[in-house]
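Undergrad: Submitted below is the structure of interest, expressed as structure tokens.
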Protein chains: 2
Amino acid sequence: MRILVVEDDRTTADYIADGLRREGHAVDALAQGRDALVRATTEDYDVLVVDRMLPGLDGLSLVKALRAARVATPVLFLTSLGGVDDRIEGLNAGGDDYLVKPFAFGELSARVAALARRPRMQEAVTELVAGDLRMDLLARRVTRAGQEIDLLPREFALLEQLLRRKGRVLTRTMLLESVWDIRFDPQTNVVETHVSRLRAKIDKPFETELIKTVRGAGYRIEG
Amino acid sequence: MRILVVEDDRTTADYIADGLRREGHAVDALAQGRDALVRATTEDYDVLVVDRMLPGLDGLSLVKALRAARVATPVLFLTSLGGVDDRIEGLNAGGDDYLVKPFAFGELSARVAALARRPRMQEAVTELVAGDLRMDLLARRVTRAGQEIDLLPREFALLEQLLRRKGRVLTRTMLLESVWDIRFDPQTNVVETHVSRLRAKIDKPFETELIKTVRGAGYRIEG
DNA sequence: AGATCGCGATGCGCATCCTTGTGGTGGAAG
DNA sequence: CTTCCACCACAAGGATGCGCATCGCGATCT
């Protein structure tokens, strides 16, 4: 499989490129958006892995330009947290999926494979589902049993993470990283607090509870 | 196939025009942007081949003007080397493809054919609808529940963007870019202000509200 | 033709409301 | 009985919306 990685941070770029090569893919890596635009339009890749922040031409503009030039290669965005706007814009701009740094390599690998596998020119990963709960990332809307639920930004981000790793346990530390961008471990109980608030909205009013507590570990949402 | 070539350099213009004629196309050639604007709006071409640098009215402005006038004829830009930025700018302006000089004639021919072949992208999107709200782009009229509403230019542009991406969230950043043409992020709240005014006209007087605020993200109009 | 006037459109400042993290307390699980 | 988790109330900070001043344009009069 041919993969182009566009990432200006050398360490991250190597980390990704080496990992993917070890899995048997042909990987090219570039640091500049401009270079990537040229390369991606001339060569034929199966997947592009693109950092949102790039020198020269940022990732978003790069993908916009590619789409405008009718290059339909699936794109996986790497976004360094936070920017809720960033993610929405990324998806709207024609990104097909995104991954919030920091991420586990296995995660990246799985997403890349998923992107390459699915038929081209498809709509992005736009909807996450668990049971009768649906989350539409572009509309930024959540419904359960057909009923609309509105969530605050933090609640939304939290639920999104849980849904993206549906079936797996997310530790407090992982959630602090991906939702709050806190890498060290301060004495805080934000996670518990927000899980509680989230439950009040998506579990309490319904029959079955989706968010399970895993004592001593973290939380998990059912497949 | 009818093709209009807009290029001020006589040698290049002849090179292109003759080549295309030899392939059996009907080719007109003009040297001035202004002439091209008139011709392209009155005659019916399959493809325009436009140089970026033109005397009088440059290629970029020409295409912007055409798009504003709802002329959807596909455009192939000719740009003189290098300027990757130019390419992006051109694509944003509504150009459909790019060719960097110097180029091989075969390349040009192939791109022109590709442009003509593909289904018209912006075909006759003349009316935007959401619920009982209708926007007629040509007449520049908006009605809701059969009642005419008049909007100021900014309000109209804002509503148009929201309708074009109906069902998705548009962030403040995206709106600043598409409605105000502001690419950096100034400390301004124009978006909120105008959304407020727009609501006063299209939502307040009616039962259901169409424009939803998505806290922390942006605005969305219902599908 | 030029200058002045008046009105409407636009963006900014500020008040308001909402969101979110903290600390504390009670309760459940092991 | 201890530890971990759920939930509550509160305060601070941030996001949002509305009134007001300004700017620009077109009309009118000289």
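Each chain in the structure tokens gets a letter, A, B, ..., in the order shown, and its residues are numbered from 1; ligands are numbered from 1 in order too.
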I need the chain B residues near chain D as a ChimeraX atom specification; criterion: at most 7 Å, counting only C-alpha atoms (C1' of nucleotides).

TA: /B:192-193,196

Undergrad: May I have the residues from that selection written out with N, CA and C atoms, as a compact mmCIF listing (two decimals), in the first residue's frame?

TA:
# COMPACT_ATOMS: atom_id res chain seq x y z
N GLU B 192 -21.45 36.74 15.12
CA GLU B 192 -22.55 36.71 16.08
C GLU B 192 -23.55 37.82 15.80
N THR B 193 -23.03 38.99 15.58
CA THR B 193 -23.88 40.13 15.31
C THR B 193 -24.82 39.88 14.14
N SER B 196 -27.43 37.29 14.69
CA SER B 196 -28.50 37.86 15.49
C SER B 196 -29.51 38.61 14.61

Undergrad: What residues in range 5-177 of chain A get the DSSP label strand (DSSP E or B)? Please answer as a ChimeraX atom specification.

TA: /A:5-6,26-30,47-51,75-79,97-100,127-130,133-136,141-144,147-149,169-171

Undergrad: Residues as selected, N, CA and C atoms, written as a short mmCIF file (atom, residue, chain, number, x, y, z; two decimals), in the first residue's frame, can you do that?

TA:
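As a result, again_35.cif now contains:
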data_model
loop_
_atom_site.label_atom_id
_atom_site.label_comp_id
_atom_site.auth_asym_id
_atom_site.auth_seq_id
_atom_site.Cartn_x
_atom_site.Cartn_y
_atom_site.Cartn_z
N VAL A 5 3.04 10.57 4.07
CA VAL A 5 2.91 11.21 5.37
C VAL A 5 3.39 12.65 5.26
N VAL A 6 2.57 13.59 5.68
CA VAL A 6 2.96 14.99 5.64
C VAL A 6 2.95 15.52 7.06
N ALA A 26 4.61 1.07 1.50
CA ALA A 26 5.58 1.97 0.89
C ALA A 26 5.24 3.38 1.34
N VAL A 27 6.14 3.95 2.12
CA VAL A 27 5.84 5.24 2.73
C VAL A 27 6.76 6.35 2.24
N ASP A 28 6.18 7.46 1.81
CA ASP A 28 6.96 8.66 1.54
C ASP A 28 6.62 9.66 2.62
N ALA A 29 7.59 10.47 3.00
CA ALA A 29 7.32 11.49 4.01
C ALA A 29 7.79 12.85 3.53
N LEU A 30 6.95 13.86 3.76
CA LEU A 30 7.31 15.23 3.40
C LEU A 30 7.01 16.13 4.58
N VAL A 47 -3.42 6.36 0.66
CA VAL A 47 -3.86 7.16 1.81
C VAL A 47 -2.86 8.29 2.06
N LEU A 48 -3.37 9.43 2.50
CA LEU A 48 -2.51 10.50 2.95
C LEU A 48 -2.70 10.68 4.45
N VAL A 49 -1.60 10.84 5.17
CA VAL A 49 -1.67 11.15 6.59
C VAL A 49 -1.14 12.56 6.73
N VAL A 50 -2.00 13.50 7.13
CA VAL A 50 -1.63 14.91 7.07
C VAL A 50 -1.79 15.61 8.41
N ASP A 51 -0.74 16.30 8.83
CA ASP A 51 -0.82 17.10 10.04
C ASP A 51 -1.60 18.37 9.72
N VAL A 75 -7.91 11.01 3.15
CA VAL A 75 -6.98 11.73 4.02
C VAL A 75 -7.30 11.49 5.49
N LEU A 76 -6.27 11.17 6.24
CA LEU A 76 -6.39 11.08 7.70
C LEU A 76 -5.68 12.27 8.30
N PHE A 77 -6.44 13.12 8.98
CA PHE A 77 -5.85 14.30 9.60
C PHE A 77 -5.26 13.98 10.97
N LEU A 78 -4.14 14.58 11.26
CA LEU A 78 -3.62 14.53 12.62
C LEU A 78 -3.84 15.90 13.23
N THR A 79 -4.63 15.97 14.29
CA THR A 79 -4.84 17.27 14.89
C THR A 79 -4.36 17.26 16.31
N ASP A 97 -11.05 11.35 7.93
CA ASP A 97 -11.03 10.91 9.31
C ASP A 97 -9.98 11.75 10.02
N TYR A 98 -10.01 11.74 11.34
CA TYR A 98 -8.94 12.42 12.02
C TYR A 98 -8.57 11.72 13.30
N LEU A 99 -7.36 12.02 13.74
CA LEU A 99 -6.83 11.38 14.91
C LEU A 99 -6.25 12.49 15.77
N VAL A 100 -6.58 12.47 17.05
CA VAL A 100 -6.08 13.51 17.94
C VAL A 100 -4.78 13.06 18.59
N GLU A 127 -20.44 9.68 11.22
CA GLU A 127 -21.41 9.26 12.21
C GLU A 127 -20.86 8.12 13.07
N LEU A 128 -21.01 8.28 14.36
CA LEU A 128 -20.62 7.23 15.28
C LEU A 128 -21.88 6.67 15.93
N VAL A 129 -21.93 5.36 16.08
CA VAL A 129 -23.14 4.73 16.59
C VAL A 129 -22.83 3.74 17.71
N ALA A 130 -23.72 3.67 18.67
CA ALA A 130 -23.64 2.63 19.71
C ALA A 130 -25.05 2.35 20.18
N LEU A 133 -27.92 4.93 20.05
CA LEU A 133 -27.32 6.27 20.14
C LEU A 133 -26.54 6.60 18.87
N ARG A 134 -26.81 7.79 18.34
CA ARG A 134 -26.08 8.19 17.14
C ARG A 134 -25.47 9.57 17.34
N MET A 135 -24.25 9.71 16.84
CA MET A 135 -23.58 11.00 16.91
C MET A 135 -23.15 11.42 15.50
N ASP A 136 -23.65 12.55 15.08
CA ASP A 136 -23.29 13.08 13.76
C ASP A 136 -22.25 14.17 13.95
N ARG A 141 -24.53 16.71 16.22
CA ARG A 141 -25.80 16.42 16.85
C ARG A 141 -25.82 15.00 17.39
N VAL A 142 -26.45 14.83 18.53
CA VAL A 142 -26.55 13.51 19.12
C VAL A 142 -28.01 13.16 19.32
N THR A 143 -28.38 11.93 18.97
CA THR A 143 -29.74 11.48 19.21
C THR A 143 -29.71 10.11 19.87
N ARG A 144 -30.71 9.86 20.70
CA ARG A 144 -30.86 8.50 21.19
C ARG A 144 -32.33 8.12 21.07
N GLN A 147 -34.47 10.63 19.60
CA GLN A 147 -34.69 11.87 20.33
C GLN A 147 -33.42 12.70 20.38
N GLU A 148 -33.55 13.99 20.06
CA GLU A 148 -32.35 14.81 20.06
C GLU A 148 -31.92 15.17 21.48
N ILE A 149 -30.60 15.13 21.67
CA ILE A 149 -30.04 15.45 22.97
C ILE A 149 -29.00 16.51 22.76
N VAL A 169 -11.85 -0.10 27.12
CA VAL A 169 -11.84 0.74 28.31
C VAL A 169 -10.96 1.95 28.08
N LEU A 170 -11.47 3.12 28.44
CA LEU A 170 -10.63 4.32 28.41
C LEU A 170 -10.32 4.72 29.83
N THR A 171 -9.04 4.83 30.11
CA THR A 171 -8.65 5.23 31.46
C THR A 171 -8.81 6.72 31.63
#

Undergrad: Find the residues of chain A in contact range of chain B, meaning any atom within 6 Å when counting only C-alpha atoms, and list them as a count of residues only.

TA: 5

Undergrad: Take chain B, lay it over chain A with a least-squares fit on all the Cα atoms in order, then hand it over as a PDB file with C-alpha atoms, in the first residue's frame.

TA:
ATOM      1  CA  MET B   1      -1.970   3.148  -5.046  1.00  0.00           C
ATOM      2  CA  ARG B   2      -2.631   6.882  -4.553  1.00  0.00           C
ATOM      3  CA  ILE B   3      -0.428   8.652  -2.060  1.00  0.00           C
ATOM      4  CA  LEU B   4      -0.288  12.279  -0.938  1.00  0.00           C
ATOM      5  CA  VAL B   5       2.955  13.561   0.522  1.00  0.00           C
ATOM      6  CA  VAL B   6       2.839  16.726   2.605  1.00  0.00           C
ATOM      7  CA  GLU B   7       6.314  17.982   3.340  1.00  0.00           C
ATOM      8  CA  ASP B   8       7.778  21.454   3.112  1.00  0.00           C
ATOM      9  CA  ASP B   9      11.390  20.498   2.808  1.00  0.00           C
ATOM     10  CA  ARG B  10      11.904  20.136  -0.932  1.00  0.00           C
ATOM     11  CA  THR B  11      14.734  17.646  -0.740  1.00  0.00           C
ATOM     12  CA  THR B  12      12.899  15.286   1.557  1.00  0.00           C
ATOM     13  CA  ALA B  13       9.699  15.617  -0.420  1.00  0.00           C
ATOM     14  CA  ASP B  14      11.417  14.673  -3.666  1.00  0.00           C
ATOM     15  CA  TYR B  15      13.240  11.822  -1.995  1.00  0.00           C
ATOM     16  CA  ILE B  16       9.983  10.325  -0.802  1.00  0.00           C
ATOM     17  CA  ALA B  17       7.876  11.066  -3.844  1.00  0.00           C
ATOM     18  CA  ASP B  18      10.405   9.745  -6.336  1.00  0.00           C
ATOM     19  CA  GLY B  19      10.996   6.649  -4.319  1.00  0.00           C
ATOM     20  CA  LEU B  20       7.332   5.840  -4.093  1.00  0.00           C
ATOM     21  CA  ARG B  21       6.761   6.553  -7.774  1.00  0.00           C
ATOM     22  CA  ARG B  22       9.522   4.155  -8.632  1.00  0.00           C
ATOM     23  CA  GLU B  23       7.511   1.513  -6.795  1.00  0.00           C
ATOM     24  CA  GLY B  24       4.594   2.204  -9.065  1.00  0.00           C
ATOM     25  CA  HIS B  25       2.420   4.473  -6.910  1.00  0.00           C
ATOM     26  CA  ALA B  26       0.659   7.639  -7.987  1.00  0.00           C
ATOM     27  CA  VAL B  27       2.144  10.345  -5.803  1.00  0.00           C
ATOM     28  CA  ASP B  28       1.110  13.958  -5.285  1.00  0.00           C
ATOM     29  CA  ALA B  29       3.245  16.269  -3.206  1.00  0.00           C
ATOM     30  CA  LEU B  30       2.302  19.476  -1.417  1.00  0.00           C
ATOM     31  CA  ALA B  31       4.266  21.788   0.823  1.00  0.00           C
ATOM     32  CA  GLN B  32       1.471  23.563   2.665  1.00  0.00           C
ATOM     33  CA  GLY B  33      -0.869  22.199   5.296  1.00  0.00           C
ATOM     34  CA  ARG B  34      -3.801  24.210   4.063  1.00  0.00           C
ATOM     35  CA  ASP B  35      -3.450  22.959   0.508  1.00  0.00           C
ATOM     36  CA  ALA B  36      -3.231  19.445   1.818  1.00  0.00           C
ATOM     37  CA  LEU B  37      -6.434  19.818   3.777  1.00  0.00           C
ATOM     38  CA  VAL B  38      -8.305  20.854   0.665  1.00  0.00           C
ATOM     39  CA  ARG B  39      -6.744  18.196  -1.524  1.00  0.00           C
ATOM     40  CA  ALA B  40      -7.201  15.363   0.926  1.00  0.00           C
ATOM     41  CA  THR B  41     -10.855  16.119   1.398  1.00  0.00           C
ATOM     42  CA  THR B  42     -11.615  16.384  -2.305  1.00  0.00           C
ATOM     43  CA  GLU B  43      -9.404  13.695  -3.787  1.00  0.00           C
ATOM     44  CA  ASP B  44      -9.344  10.108  -2.701  1.00  0.00           C
ATOM     45  CA  TYR B  45      -6.000   8.871  -1.432  1.00  0.00           C
ATOM     46  CA  ASP B  46      -4.990   5.531   0.021  1.00  0.00           C
ATOM     47  CA  VAL B  47      -2.388   6.950   2.368  1.00  0.00           C
ATOM     48  CA  LEU B  48      -1.169  10.373   3.486  1.00  0.00           C
ATOM     49  CA  VAL B  49       2.431  10.948   4.448  1.00  0.00           C
ATOM     50  CA  VAL B  50       2.527  14.068   6.590  1.00  0.00           C
ATOM     51  CA  ASP B  51       5.346  16.011   8.171  1.00  0.00           C
ATOM     52  CA  ARG B  52       4.665  17.136  11.724  1.00  0.00           C
ATOM     53  CA  MET B  53       6.122  20.585  11.155  1.00  0.00           C
ATOM     54  CA  LEU B  54       4.532  22.476   8.335  1.00  0.00           C
ATOM     55  CA  PRO B  55       4.134  26.125   7.451  1.00  0.00           C
ATOM     56  CA  GLY B  56       0.645  27.537   7.746  1.00  0.00           C
ATOM     57  CA  LEU B  57      -1.209  24.586   9.171  1.00  0.00           C
ATOM     58  CA  ASP B  58       0.889  22.061  11.050  1.00  0.00           C
ATOM     59  CA  GLY B  59       0.606  18.357  10.524  1.00  0.00           C
ATOM     60  CA  LEU B  60      -1.168  17.667  13.758  1.00  0.00           C
ATOM     61  CA  SER B  61      -3.892  20.194  13.146  1.00  0.00           C
ATOM     62  CA  LEU B  62      -4.212  19.013   9.603  1.00  0.00           C
ATOM     63  CA  VAL B  63      -4.998  15.488  10.692  1.00  0.00           C
ATOM     64  CA  LYS B  64      -7.335  16.646  13.426  1.00  0.00           C
ATOM     65  CA  ALA B  65      -9.182  18.685  10.837  1.00  0.00           C
ATOM     66  CA  LEU B  66      -9.361  15.752   8.477  1.00  0.00           C
ATOM     67  CA  ARG B  67     -10.678  13.431  11.141  1.00  0.00           C
ATOM     68  CA  ALA B  68     -13.214  16.023  12.187  1.00  0.00           C
ATOM     69  CA  ALA B  69     -14.320  16.126   8.579  1.00  0.00           C
ATOM     70  CA  ARG B  70     -14.698  12.338   8.674  1.00  0.00           C
ATOM     71  CA  VAL B  71     -11.838  11.727   6.313  1.00  0.00           C
ATOM     72  CA  ALA B  72     -10.478   8.387   7.437  1.00  0.00           C
ATOM     73  CA  THR B  73      -7.534   8.057   5.105  1.00  0.00           C
ATOM     74  CA  PRO B  74      -4.657   6.500   7.040  1.00  0.00           C
ATOM     75  CA  VAL B  75      -1.880   8.913   7.950  1.00  0.00           C
ATOM     76  CA  LEU B  76       1.800   8.264   8.406  1.00  0.00           C
ATOM     77  CA  PHE B  77       3.452  11.050  10.364  1.00  0.00           C
ATOM     78  CA  LEU B  78       7.018  12.096   9.828  1.00  0.00           C
ATOM     79  CA  THR B  79       8.558  13.556  12.943  1.00  0.00           C
ATOM     80  CA  SER B  80      11.990  14.962  13.328  1.00  0.00           C
ATOM     81  CA  LEU B  81      13.606  12.857  15.951  1.00  0.00           C
ATOM     82  CA  GLY B  82      13.294  12.528  19.610  1.00  0.00           C
ATOM     83  CA  GLY B  83      10.010  13.941  20.683  1.00  0.00           C
ATOM     84  CA  VAL B  84       8.300  10.889  22.052  1.00  0.00           C
ATOM     85  CA  ASP B  85       5.607  13.212  23.232  1.00  0.00           C
ATOM     86  CA  ASP B  86       5.007  14.245  19.683  1.00  0.00           C
ATOM     87  CA  ARG B  87       4.356  10.691  18.744  1.00  0.00           C
ATOM     88  CA  ILE B  88       1.718  10.231  21.350  1.00  0.00           C
ATOM     89  CA  GLU B  89       0.110  13.495  20.533  1.00  0.00           C
ATOM     90  CA  GLY B  90       0.016  12.517  16.911  1.00  0.00           C
ATOM     91  CA  LEU B  91      -1.512   9.169  17.588  1.00  0.00           C
ATOM     92  CA  ASN B  92      -4.120  10.763  19.773  1.00  0.00           C
ATOM     93  CA  ALA B  93      -4.955  13.202  17.028  1.00  0.00           C
ATOM     94  CA  GLY B  94      -5.844  10.361  14.729  1.00  0.00           C
ATOM     95  CA  GLY B  95      -2.523   9.588  13.124  1.00  0.00           C
ATOM     96  CA  ASP B  96      -2.082   5.946  12.337  1.00  0.00           C
ATOM     97  CA  ASP B  97       1.648   5.475  12.373  1.00  0.00           C
ATOM     98  CA  TYR B  98       4.918   7.259  12.894  1.00  0.00           C
ATOM     99  CA  LEU B  99       8.322   7.447  11.377  1.00  0.00           C
ATOM    100  CA  VAL B 100      11.186   9.338  12.935  1.00  0.00           C
ATOM    101  CA  LYS B 101      13.597  11.199  10.675  1.00  0.00           C
ATOM    102  CA  PRO B 102      16.045  10.295   9.461  1.00  0.00           C
ATOM    103  CA  PHE B 103      14.672   7.053   8.138  1.00  0.00           C
ATOM    104  CA  ALA B 104      15.537   4.441   5.568  1.00  0.00           C
ATOM    105  CA  PHE B 105      13.350   4.501   2.505  1.00  0.00           C
ATOM    106  CA  GLY B 106      12.595   0.824   2.841  1.00  0.00           C
ATOM    107  CA  GLU B 107      11.126   1.548   6.238  1.00  0.00           C
ATOM    108  CA  LEU B 108       8.827   4.196   4.847  1.00  0.00           C
ATOM    109  CA  SER B 109       7.757   2.001   2.014  1.00  0.00           C
ATOM    110  CA  ALA B 110       6.914  -0.864   4.337  1.00  0.00           C
ATOM    111  CA  ARG B 111       4.866   1.292   6.671  1.00  0.00           C
ATOM    112  CA  VAL B 112       2.943   2.895   3.848  1.00  0.00           C
ATOM    113  CA  ALA B 113       2.106  -0.504   2.463  1.00  0.00           C
ATOM    114  CA  ALA B 114       1.023  -1.723   5.903  1.00  0.00           C
ATOM    115  CA  LEU B 115      -1.266   1.243   6.380  1.00  0.00           C
ATOM    116  CA  ALA B 116      -2.916   0.831   3.021  1.00  0.00           C
ATOM    117  CA  ARG B 117      -3.342  -2.886   3.475  1.00  0.00           C
ATOM    118  CA  ARG B 118      -5.104  -2.890   6.769  1.00  0.00           C
ATOM    119  CA  PRO B 119      -8.832  -2.542   6.897  1.00  0.00           C
ATOM    120  CA  ARG B 120      -9.973   0.998   7.434  1.00  0.00           C
ATOM    121  CA  MET B 121     -10.390   1.531  11.084  1.00  0.00           C
ATOM    122  CA  GLN B 122     -12.866   4.318  11.277  1.00  0.00           C
ATOM    123  CA  GLU B 123     -14.854   3.204   8.323  1.00  0.00           C
ATOM    124  CA  ALA B 124     -18.099   5.020   7.885  1.00  0.00           C
ATOM    125  CA  VAL B 125     -19.125   5.112  11.492  1.00  0.00           C
ATOM    126  CA  THR B 126     -21.852   7.530  10.698  1.00  0.00           C
ATOM    127  CA  GLU B 127     -24.596   6.507  13.005  1.00  0.00           C
ATOM    128  CA  LEU B 128     -24.523   5.502  16.632  1.00  0.00           C
ATOM    129  CA  VAL B 129     -27.466   3.665  18.138  1.00  0.00           C
ATOM    130  CA  ALA B 130     -28.601   2.641  21.591  1.00  0.00           C
ATOM    131  CA  GLY B 131     -32.081   1.295  22.062  1.00  0.00           C
ATOM    132  CA  ASP B 132     -34.452   3.679  20.302  1.00  0.00           C
ATOM    133  CA  LEU B 133     -31.900   6.458  20.351  1.00  0.00           C
ATOM    134  CA  ARG B 134     -30.046   7.290  17.168  1.00  0.00           C
ATOM    135  CA  MET B 135     -27.256   9.750  16.569  1.00  0.00           C
ATOM    136  CA  ASP B 136     -26.315  10.752  13.064  1.00  0.00           C
ATOM    137  CA  LEU B 137     -22.800  12.141  13.150  1.00  0.00           C
ATOM    138  CA  LEU B 138     -22.816  13.653   9.718  1.00  0.00           C
ATOM    139  CA  ALA B 139     -26.161  15.365   9.976  1.00  0.00           C
ATOM    140  CA  ARG B 140     -25.411  16.057  13.602  1.00  0.00           C
ATOM    141  CA  ARG B 141     -28.878  14.989  14.524  1.00  0.00           C
ATOM    142  CA  VAL B 142     -30.221  12.978  17.424  1.00  0.00           C
ATOM    143  CA  THR B 143     -33.593  11.284  17.575  1.00  0.00           C
ATOM    144  CA  ARG B 144     -35.272   9.124  20.124  1.00  0.00           C
ATOM    145  CA  ALA B 145     -38.387   7.105  19.342  1.00  0.00           C
ATOM    146  CA  GLY B 146     -38.499   8.932  16.040  1.00  0.00           C
ATOM    147  CA  GLN B 147     -38.606  12.279  17.758  1.00  0.00           C
ATOM    148  CA  GLU B 148     -35.918  14.823  17.037  1.00  0.00           C
ATOM    149  CA  ILE B 149     -33.951  16.181  19.946  1.00  0.00           C
ATOM    150  CA  ASP B 150     -31.603  19.052  19.667  1.00  0.00           C
ATOM    151  CA  LEU B 151     -28.489  19.091  21.691  1.00  0.00           C
ATOM    152  CA  LEU B 152     -25.967  21.758  22.437  1.00  0.00           C
ATOM    153  CA  PRO B 153     -22.443  21.145  21.214  1.00  0.00           C
ATOM    154  CA  ARG B 154     -21.136  19.929  24.542  1.00  0.00           C
ATOM    155  CA  GLU B 155     -24.103  17.707  25.074  1.00  0.00           C
ATOM    156  CA  PHE B 156     -23.662  16.239  21.639  1.00  0.00           C
ATOM    157  CA  ALA B 157     -19.990  15.530  22.218  1.00  0.00           C
ATOM    158  CA  LEU B 158     -20.743  13.968  25.560  1.00  0.00           C
ATOM    159  CA  LEU B 159     -23.454  11.717  24.204  1.00  0.00           C
ATOM    160  CA  GLU B 160     -21.221  10.738  21.322  1.00  0.00           C
ATOM    161  CA  GLN B 161     -18.507   9.528  23.672  1.00  0.00           C
ATOM    162  CA  LEU B 162     -20.963   7.560  25.734  1.00  0.00           C
ATOM    163  CA  LEU B 163     -22.378   5.939  22.626  1.00  0.00           C
ATOM    164  CA  ARG B 164     -18.993   5.139  21.169  1.00  0.00           C
ATOM    165  CA  ARG B 165     -18.229   3.121  24.260  1.00  0.00           C
ATOM    166  CA  LYS B 166     -21.721   1.854  24.718  1.00  0.00           C
ATOM    167  CA  GLY B 167     -22.032  -0.686  27.506  1.00  0.00           C
ATOM    168  CA  ARG B 168     -18.834   0.360  29.239  1.00  0.00           C
ATOM    169  CA  VAL B 169     -18.339   2.717  32.104  1.00  0.00           C
ATOM    170  CA  LEU B 170     -16.729   6.026  31.275  1.00  0.00           C
ATOM    171  CA  THR B 171     -15.079   7.681  34.227  1.00  0.00           C
ATOM    172  CA  ARG B 172     -15.202  11.402  34.820  1.00  0.00           C
ATOM    173  CA  THR B 173     -11.513  11.532  34.018  1.00  0.00           C
ATOM    174  CA  MET B 174     -12.017   9.866  30.674  1.00  0.00           C
ATOM    175  CA  LEU B 175     -14.860  12.187  29.781  1.00  0.00           C
ATOM    176  CA  LEU B 176     -12.914  15.268  30.819  1.00  0.00           C
ATOM    177  CA  GLU B 177     -10.190  14.136  28.507  1.00  0.00           C
ATOM    178  CA  SER B 178     -12.276  13.237  25.496  1.00  0.00           C
ATOM    179  CA  VAL B 179     -14.977  15.891  25.704  1.00  0.00           C
ATOM    180  CA  TRP B 180     -13.274  18.816  27.395  1.00  0.00           C
ATOM    181  CA  ASP B 181      -9.671  18.055  26.562  1.00  0.00           C
ATOM    182  CA  ILE B 182      -8.673  18.459  30.177  1.00  0.00           C
ATOM    183  CA  ARG B 183      -5.819  16.154  31.073  1.00  0.00           C
ATOM    184  CA  PHE B 184      -5.092  17.141  34.604  1.00  0.00           C
ATOM    185  CA  ASP B 185      -7.681  16.755  37.280  1.00  0.00           C
ATOM    186  CA  PRO B 186      -9.177  20.038  38.287  1.00  0.00           C
ATOM    187  CA  GLN B 187     -11.835  20.387  40.909  1.00  0.00           C
ATOM    188  CA  THR B 188     -14.711  20.743  38.543  1.00  0.00           C
ATOM    189  CA  ASN B 189     -18.066  19.127  38.198  1.00  0.00           C
ATOM    190  CA  VAL B 190     -18.788  19.996  34.596  1.00  0.00           C
ATOM    191  CA  VAL B 191     -19.303  16.372  33.787  1.00  0.00           C
ATOM    192  CA  GLU B 192     -22.104  15.912  36.276  1.00  0.00           C
ATOM    193  CA  THR B 193     -23.675  19.134  35.156  1.00  0.00           C
ATOM    194  CA  HIS B 194     -23.765  18.182  31.530  1.00  0.00           C
ATOM    195  CA  VAL B 195     -24.897  14.678  32.189  1.00  0.00           C
ATOM    196  CA  SER B 196     -27.773  16.211  34.069  1.00  0.00           C
ATOM    197  CA  ARG B 197     -28.709  18.393  31.107  1.00  0.00           C
ATOM    198  CA  LEU B 198     -28.313  15.583  28.682  1.00  0.00           C
ATOM    199  CA  ARG B 199     -30.634  13.451  30.743  1.00  0.00           C
ATOM    200  CA  ALA B 200     -33.214  16.173  30.816  1.00  0.00           C
ATOM    201  CA  LYS B 201     -33.333  15.971  27.044  1.00  0.00           C
ATOM    202  CA  ILE B 202     -32.880  12.347  26.158  1.00  0.00           C
ATOM    203  CA  ASP B 203     -34.112  10.493  29.224  1.00  0.00           C
ATOM    204  CA  LYS B 204     -36.637  12.513  31.179  1.00  0.00           C
ATOM    205  CA  PRO B 205     -39.249  12.757  28.421  1.00  0.00           C
ATOM    206  CA  PHE B 206     -39.190   9.027  27.803  1.00  0.00           C
ATOM    207  CA  GLU B 207     -39.962   5.754  29.483  1.00  0.00           C
ATOM    208  CA  THR B 208     -36.642   4.094  30.033  1.00  0.00           C
ATOM    209  CA  GLU B 209     -33.487   5.865  31.108  1.00  0.00           C
ATOM    210  CA  LEU B 210     -30.471   5.225  28.947  1.00  0.00           C
ATOM    211  CA  ILE B 211     -27.771   6.987  30.914  1.00  0.00           C
ATOM    212  CA  LYS B 212     -26.960   5.111  34.083  1.00  0.00           C
ATOM    213  CA  THR B 213     -24.955   6.516  36.946  1.00  0.00           C
ATOM    214  CA  VAL B 214     -22.397   4.094  38.259  1.00  0.00           C
ATOM    215  CA  ARG B 215     -21.678   5.485  41.681  1.00  0.00           C
ATOM    216  CA  GLY B 216     -18.047   5.899  42.476  1.00  0.00           C
ATOM    217  CA  ALA B 217     -17.063   5.115  38.920  1.00  0.00           C
ATOM    218  CA  GLY B 218     -18.748   7.185  36.252  1.00  0.00           C
ATOM    219  CA  TYR B 219     -21.510   6.862  33.678  1.00  0.00           C
ATOM    220  CA  ARG B 220     -22.605   4.214  31.275  1.00  0.00           C
ATOM    221  CA  ILE B 221     -25.085   4.014  28.462  1.00  0.00           C
ATOM    222  CA  GLU B 222     -26.905   0.766  27.939  1.00  0.00           C
ATOM    223  CA  GLY B 223     -25.896  -1.543  25.116  1.00  0.00           C
TER     224      GLY B 223
END
